[in-house]
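Below: entry_5.json (JSON, N, CA and C atoms)
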```json
[["chain", "number", "residue", "atom", "x", "y", "z"],
["A", 1, "MET", "N", 139.90, 118.99, 49.60],
["A", 1, "MET", "CA", 138.90, 118.04, 50.00],
["A", 1, "MET", "C", 137.57, 118.77, 50.18],
["A", 2, "GLY", "N", 136.66, 118.48, 49.32],
["A", 2, "GLY", "CA", 135.36, 119.12, 49.36],
["A", 2, "GLY", "C", 134.27, 118.10, 49.63],
["A", 3, "GLY", "N", 133.10, 118.45, 49.22],
["A", 3, "GLY", "CA", 131.95, 117.57, 49.40],
["A", 3, "GLY", "C", 131.96, 116.47, 48.35],
["A", 4, "ILE", "N", 130.81, 115.89, 48.17],
["A", 4, "ILE", "CA", 130.68, 114.81, 47.19],
["A", 4, "ILE", "C", 130.61, 115.42, 45.80],
["A", 5, "GLY", "N", 131.48, 114.93, 44.91],
["A", 5, "GLY", "CA", 131.49, 115.40, 43.53],
["A", 5, "GLY", "C", 130.46, 114.65, 42.70],
["A", 6, "ILE", "N", 130.30, 115.07, 41.48],
["A", 6, "ILE", "CA", 129.31, 114.46, 40.59],
["A", 6, "ILE", "C", 129.68, 113.01, 40.28],
["A", 7, "TRP", "N", 130.97, 112.73, 40.13],
["A", 7, "TRP", "CA", 131.37, 111.36, 39.78],
["A", 7, "TRP", "C", 131.17, 110.40, 40.96],
["A", 8, "GLN", "N", 131.41, 110.87, 42.18],
["A", 8, "GLN", "CA", 131.17, 110.02, 43.34],
["A", 8, "GLN", "C", 129.68, 109.72, 43.47],
["A", 9, "LEU", "N", 128.85, 110.71, 43.20],
["A", 9, "LEU", "CA", 127.40, 110.53, 43.26],
["A", 9, "LEU", "C", 126.92, 109.54, 42.21],
["A", 10, "VAL", "N", 127.46, 109.63, 41.01],
["A", 10, "VAL", "CA", 127.10, 108.70, 39.94],
["A", 10, "VAL", "C", 127.49, 107.28, 40.30],
["A", 11, "ILE", "N", 128.67, 107.10, 40.88],
["A", 11, "ILE", "CA", 129.13, 105.77, 41.27],
["A", 11, "ILE", "C", 128.24, 105.19, 42.37],
["A", 12, "VAL", "N", 127.88, 106.00, 43.36],
["A", 12, "VAL", "CA", 127.00, 105.53, 44.44],
["A", 12, "VAL", "C", 125.64, 105.15, 43.88],
["A", 13, "LEU", "N", 125.07, 105.97, 43.01],
["A", 13, "LEU", "CA", 123.77, 105.65, 42.41],
["A", 13, "LEU", "C", 123.83, 104.38, 41.57],
["A", 14, "LEU", "N", 124.93, 104.17, 40.85],
["A", 14, "LEU", "CA", 125.10, 102.95, 40.06],
["A", 14, "LEU", "C", 125.16, 101.72, 40.95],
["A", 15, "ILE", "N", 125.87, 101.81, 42.04],
["A", 15, "ILE", "CA", 125.96, 100.68, 42.99],
["A", 15, "ILE", "C", 124.59, 100.38, 43.59],
["A", 16, "VAL", "N", 123.86, 101.43, 43.97],
["A", 16, "VAL", "CA", 122.52, 101.24, 44.54],
["A", 16, "VAL", "C", 121.61, 100.59, 43.51],
["A", 17, "PHE", "N", 121.68, 101.04, 42.27],
["A", 17, "PHE", "CA", 120.86, 100.46, 41.20],
["A", 17, "PHE", "C", 121.19, 98.99, 40.98],
["A", 18, "LEU", "N", 122.47, 98.66, 41.02],
["A", 18, "LEU", "CA", 122.88, 97.27, 40.83],
["A", 18, "LEU", "C", 122.45, 96.39, 42.01],
["A", 19, "LEU", "N", 122.48, 96.92, 43.22],
["A", 19, "LEU", "CA", 122.11, 96.14, 44.39],
["A", 19, "LEU", "C", 120.61, 95.87, 44.45],
["A", 20, "PHE", "N", 119.82, 96.89, 44.21],
["A", 20, "PHE", "CA", 118.38, 96.76, 44.41],
["A", 20, "PHE", "C", 117.60, 96.45, 43.15],
["A", 21, "GLY", "N", 118.04, 96.88, 42.00],
["A", 21, "GLY", "CA", 117.32, 96.64, 40.77],
["A", 21, "GLY", "C", 116.23, 97.69, 40.57],
["A", 22, "SER", "N", 115.72, 97.75, 39.34],
["A", 22, "SER", "CA", 114.77, 98.82, 39.01],
["A", 22, "SER", "C", 113.41, 98.61, 39.66],
["A", 23, "LYS", "N", 112.93, 97.37, 39.72],
["A", 23, "LYS", "CA", 111.61, 97.12, 40.33],
["A", 23, "LYS", "C", 111.62, 97.46, 41.81],
["A", 24, "ARG", "N", 112.67, 97.06, 42.48],
["A", 24, "ARG", "CA", 112.76, 97.32, 43.92],
["A", 24, "ARG", "C", 112.88, 98.81, 44.20],
["A", 25, "LEU", "N", 113.63, 99.53, 43.35],
["A", 25, "LEU", "CA", 113.76, 100.97, 43.54],
["A", 25, "LEU", "C", 112.43, 101.68, 43.32],
["A", 26, "LYS", "N", 111.61, 101.21, 42.38],
["A", 26, "LYS", "CA", 110.29, 101.81, 42.15],
["A", 26, "LYS", "C", 109.40, 101.62, 43.38],
["A", 27, "THR", "N", 109.41, 100.43, 43.95],
["A", 27, "THR", "CA", 108.58, 100.20, 45.14],
["A", 27, "THR", "C", 109.10, 100.99, 46.34],
["A", 28, "LEU", "N", 110.43, 101.09, 46.46],
["A", 28, "LEU", "CA", 111.00, 101.89, 47.55],
["A", 28, "LEU", "C", 110.63, 103.36, 47.40],
["A", 29, "GLY", "N", 110.65, 103.85, 46.17],
["A", 29, "GLY", "CA", 110.26, 105.24, 45.92],
["A", 29, "GLY", "C", 108.80, 105.48, 46.24],
["A", 30, "GLY", "N", 107.94, 104.53, 45.85],
["A", 30, "GLY", "CA", 106.52, 104.66, 46.16],
["A", 30, "GLY", "C", 106.25, 104.61, 47.65],
["A", 31, "ASP", "N", 106.94, 103.71, 48.34],
["A", 31, "ASP", "CA", 106.79, 103.61, 49.79],
["A", 31, "ASP", "C", 107.29, 104.89, 50.48],
["A", 32, "LEU", "N", 108.36, 105.44, 49.99],
["A", 32, "LEU", "CA", 108.89, 106.68, 50.56],
["A", 32, "LEU", "C", 107.90, 107.83, 50.36],
["A", 33, "GLY", "N", 107.28, 107.89, 49.18],
["A", 33, "GLY", "CA", 106.29, 108.92, 48.92],
["A", 33, "GLY", "C", 105.08, 108.80, 49.83],
["A", 34, "GLU", "N", 104.59, 107.58, 50.04],
["A", 34, "GLU", "CA", 103.46, 107.36, 50.94],
["A", 34, "GLU", "C", 103.82, 107.72, 52.38],
["A", 35, "THR", "N", 105.03, 107.42, 52.76],
["A", 35, "THR", "CA", 105.49, 107.76, 54.11],
["A", 35, "THR", "C", 105.53, 109.27, 54.32],
["A", 36, "ILE", "N", 106.02, 109.98, 53.33],
["A", 36, "ILE", "CA", 106.08, 111.44, 53.44],
["A", 36, "ILE", "C", 104.68, 112.03, 53.49],
["A", 37, "GLN", "N", 103.75, 111.52, 52.69],
["A", 37, "GLN", "CA", 102.38, 112.01, 52.72],
["A", 37, "GLN", "C", 101.73, 111.74, 54.07],
["A", 38, "GLY", "N", 101.95, 110.56, 54.61],
["A", 38, "GLY", "CA", 101.41, 110.23, 55.93],
["A", 38, "GLY", "C", 101.98, 111.12, 57.01],
["A", 39, "PHE", "N", 103.26, 111.43, 56.91],
["A", 39, "PHE", "CA", 103.90, 112.31, 57.88],
["A", 39, "PHE", "C", 103.31, 113.72, 57.80],
["A", 40, "ARG", "N", 103.09, 114.21, 56.59],
["A", 40, "ARG", "CA", 102.51, 115.54, 56.43],
["A", 40, "ARG", "C", 101.09, 115.59, 56.97],
["A", 41, "LYS", "N", 100.31, 114.53, 56.73],
["A", 41, "LYS", "CA", 98.93, 114.49, 57.25],
["A", 41, "LYS", "C", 98.93, 114.47, 58.77],
["A", 42, "SER", "N", 99.84, 113.71, 59.35],
["A", 42, "SER", "CA", 99.88, 113.64, 60.82],
["A", 42, "SER", "C", 100.35, 114.97, 61.41],
["A", 43, "MET", "N", 101.25, 115.65, 60.75],
["A", 43, "MET", "CA", 101.67, 116.96, 61.23],
["A", 43, "MET", "C", 100.53, 117.96, 61.14],
["A", 44, "ALA", "N", 99.72, 117.88, 60.09],
["A", 44, "ALA", "CA", 98.58, 118.78, 59.95],
["A", 44, "ALA", "C", 97.53, 118.47, 61.01],
["A", 45, "SER", "N", 97.30, 117.20, 61.30],
["A", 45, "SER", "CA", 96.31, 116.84, 62.32],
["A", 45, "SER", "C", 96.83, 117.19, 63.71],
["A", 46, "ASN", "N", 98.14, 117.13, 63.92],
["A", 46, "ASN", "CA", 98.71, 117.53, 65.21],
["A", 46, "ASN", "C", 98.54, 119.02, 65.45],
["A", 47, "SER", "N", 98.67, 119.83, 64.41],
["A", 47, "SER", "CA", 98.50, 121.27, 64.59],
["A", 47, "SER", "C", 97.04, 121.59, 64.90],
["A", 48, "GLU", "N", 96.10, 120.83, 64.33],
["A", 48, "GLU", "CA", 94.68, 121.01, 64.65],
["A", 48, "GLU", "C", 94.40, 120.49, 66.05],
["A", 49, "ALA", "N", 95.03, 119.41, 66.43],
["A", 49, "ALA", "CA", 94.81, 118.82, 67.76],
["A", 49, "ALA", "C", 95.43, 119.69, 68.85],
["A", 50, "ASP", "N", 96.48, 120.43, 68.53],
["A", 50, "ASP", "CA", 97.09, 121.32, 69.51],
["A", 50, "ASP", "C", 96.14, 122.44, 69.91],
["A", 51, "GLU", "N", 95.26, 122.84, 69.00],
["A", 51, "GLU", "CA", 94.30, 123.89, 69.32],
["A", 51, "GLU", "C", 93.18, 123.37, 70.20],
["A", 52, "SER", "N", 92.74, 122.14, 70.04],
["A", 52, "SER", "CA", 91.63, 121.59, 70.81],
["A", 52, "SER", "C", 91.95, 121.38, 72.29],
["A", 53, "PRO", "N", 93.12, 120.83, 72.67],
["A", 53, "PRO", "CA", 93.37, 120.63, 74.10],
["A", 53, "PRO", "C", 93.37, 121.93, 74.88],
["A", 54, "ALA", "N", 93.72, 123.03, 74.26],
["A", 54, "ALA", "CA", 93.70, 124.30, 74.98],
["A", 54, "ALA", "C", 92.27, 124.64, 75.40],
["A", 55, "GLN", "N", 91.32, 124.33, 74.54],
["A", 55, "GLN", "CA", 89.93, 124.58, 74.88],
["A", 55, "GLN", "C", 89.47, 123.60, 75.95],
["A", 56, "VAL", "N", 89.91, 122.36, 75.86],
["A", 56, "VAL", "CA", 89.53, 121.35, 76.84],
["A", 56, "VAL", "C", 90.12, 121.69, 78.20],
["A", 57, "GLN", "N", 91.36, 122.16, 78.23],
["A", 57, "GLN", "CA", 92.00, 122.51, 79.50],
["A", 57, "GLN", "C", 91.29, 123.67, 80.17],
["A", 58, "GLN", "N", 90.76, 124.59, 79.40],
["A", 58, "GLN", "CA", 90.04, 125.71, 79.99],
["A", 58, "GLN", "C", 88.72, 125.25, 80.58],
["A", 59, "GLN", "N", 88.08, 124.25, 79.99],
["A", 59, "GLN", "CA", 86.79, 123.78, 80.46],
["A", 59, "GLN", "C", 86.93, 122.76, 81.58],
["A", 60, "ALA", "N", 88.05, 122.08, 81.68],
["A", 60, "ALA", "CA", 88.22, 121.02, 82.67],
["A", 60, "ALA", "C", 88.09, 121.52, 84.11],
["A", 61, "PRO", "N", 88.69, 122.63, 84.51],
["A", 61, "PRO", "CA", 88.53, 123.06, 85.90],
["A", 61, "PRO", "C", 87.08, 123.41, 86.24],
["A", 62, "LEU", "N", 86.33, 123.92, 85.28],
["A", 62, "LEU", "CA", 84.94, 124.26, 85.55],
["A", 62, "LEU", "C", 84.11, 123.02, 85.84],
["A", 63, "SER", "N", 84.31, 121.97, 85.06],
["A", 63, "SER", "CA", 83.55, 120.75, 85.29],
["A", 63, "SER", "C", 84.00, 120.07, 86.59],
["A", 64, "GLY", "N", 85.28, 120.22, 86.95],
["A", 64, "GLY", "CA", 85.79, 119.62, 88.19],
["A", 64, "GLY", "C", 85.18, 120.28, 89.41],
["A", 65, "THR", "N", 85.03, 121.60, 89.38],
["A", 65, "THR", "CA", 84.44, 122.29, 90.53],
["A", 65, "THR", "C", 82.96, 122.01, 90.62],
["A", 66, "ALA", "N", 82.32, 121.81, 89.48],
["A", 66, "ALA", "CA", 80.88, 121.50, 89.50],
["A", 66, "ALA", "C", 80.67, 120.11, 90.11],
["A", 67, "GLN", "N", 81.54, 119.18, 89.81],
["A", 67, "GLN", "CA", 81.41, 117.84, 90.37],
["A", 67, "GLN", "C", 81.67, 117.86, 91.87],
["A", 68, "GLN", "N", 82.61, 118.67, 92.30],
["A", 68, "GLN", "CA", 82.92, 118.74, 93.72],
["A", 68, "GLN", "C", 81.75, 119.35, 94.49],
["A", 69, "SER", "N", 81.10, 120.36, 93.93],
["A", 69, "SER", "CA", 79.98, 120.98, 94.63],
["A", 69, "SER", "C", 78.80, 120.02, 94.70],
["A", 70, "HIS", "N", 78.60, 119.17, 93.67],
["A", 70, "HIS", "CA", 77.51, 118.19, 93.69],
["A", 70, "HIS", "C", 77.76, 117.13, 94.77],
["A", 71, "THR", "N", 78.99, 116.69, 94.89],
["A", 71, "THR", "CA", 79.28, 115.68, 95.89],
["A", 71, "THR", "C", 79.17, 116.29, 97.29],
["A", 72, "HIS", "N", 79.49, 117.56, 97.43],
["A", 72, "HIS", "CA", 79.40, 118.23, 98.71],
["A", 72, "HIS", "C", 77.92, 118.39, 99.11],
["A", 73, "THR", "N", 77.06, 118.71, 98.20],
["A", 73, "THR", "CA", 75.64, 118.85, 98.51],
["A", 73, "THR", "C", 75.01, 117.50, 98.77],
["A", 74, "ASP", "N", 75.51, 116.44, 98.12],
["A", 74, "ASP", "CA", 74.98, 115.11, 98.38],
["A", 74, "ASP", "C", 75.32, 114.67, 99.81],
["A", 75, "ARG", "N", 76.46, 115.05, 100.29],
["A", 75, "ARG", "CA", 76.85, 114.67, 101.65],
["A", 75, "ARG", "C", 76.00, 115.40, 102.68],
["A", 76, "GLN", "N", 75.59, 116.63, 102.37],
["A", 76, "GLN", "CA", 74.78, 117.40, 103.32],
["A", 76, "GLN", "C", 73.37, 116.84, 103.38],
["A", 77, "ALA", "N", 72.87, 116.29, 102.33],
["A", 77, "ALA", "CA", 71.49, 115.82, 102.28],
["A", 77, "ALA", "C", 71.28, 114.54, 103.02]]
```
Full structure transcribed into structure tokens:
Amino acid sequence: MGGIGIWQLVIVLLIVFLLFGSKRLKTLGGDLGETIQGFRKSMASNSEADESPAQVQQQAPLSGTAQQSHTHTDRQA
């Protein structure tokens, strides 16, 4: 007992072709390709976005302390 043989694969592909038809399979293939491209683009933008929050996190405490000092001086005045 091994994996899927060539004849089992051919039978499965024939059944899929009979169920969906050639036009439907073409649209499914195109949709799958667009989905993969969109996934790759989002992964690339996520890797770029991962670099930006690190810079924002480093700047956030500085702006927070500046706001606190301004509110503290406003209370004294």
Just the number, please: distance in Å from atom CA of A:Lys41 to atom CA of A:Arg24, one decimal.
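These two atoms are separated by 25.8 Å.
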Atom CA of A:Ser47 to atom CA of A:Gly29, distance in Å rounded to a single decimal
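Between these atoms lies a distance of 27.3 Å.
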What separation in Å, quoted to one decimal, exists between atom C of A:Gly38 and atom N of A:Leu25?
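Computed distance, atom C of A:Gly38 to atom N of A:Leu25, equals 21.4 Å.
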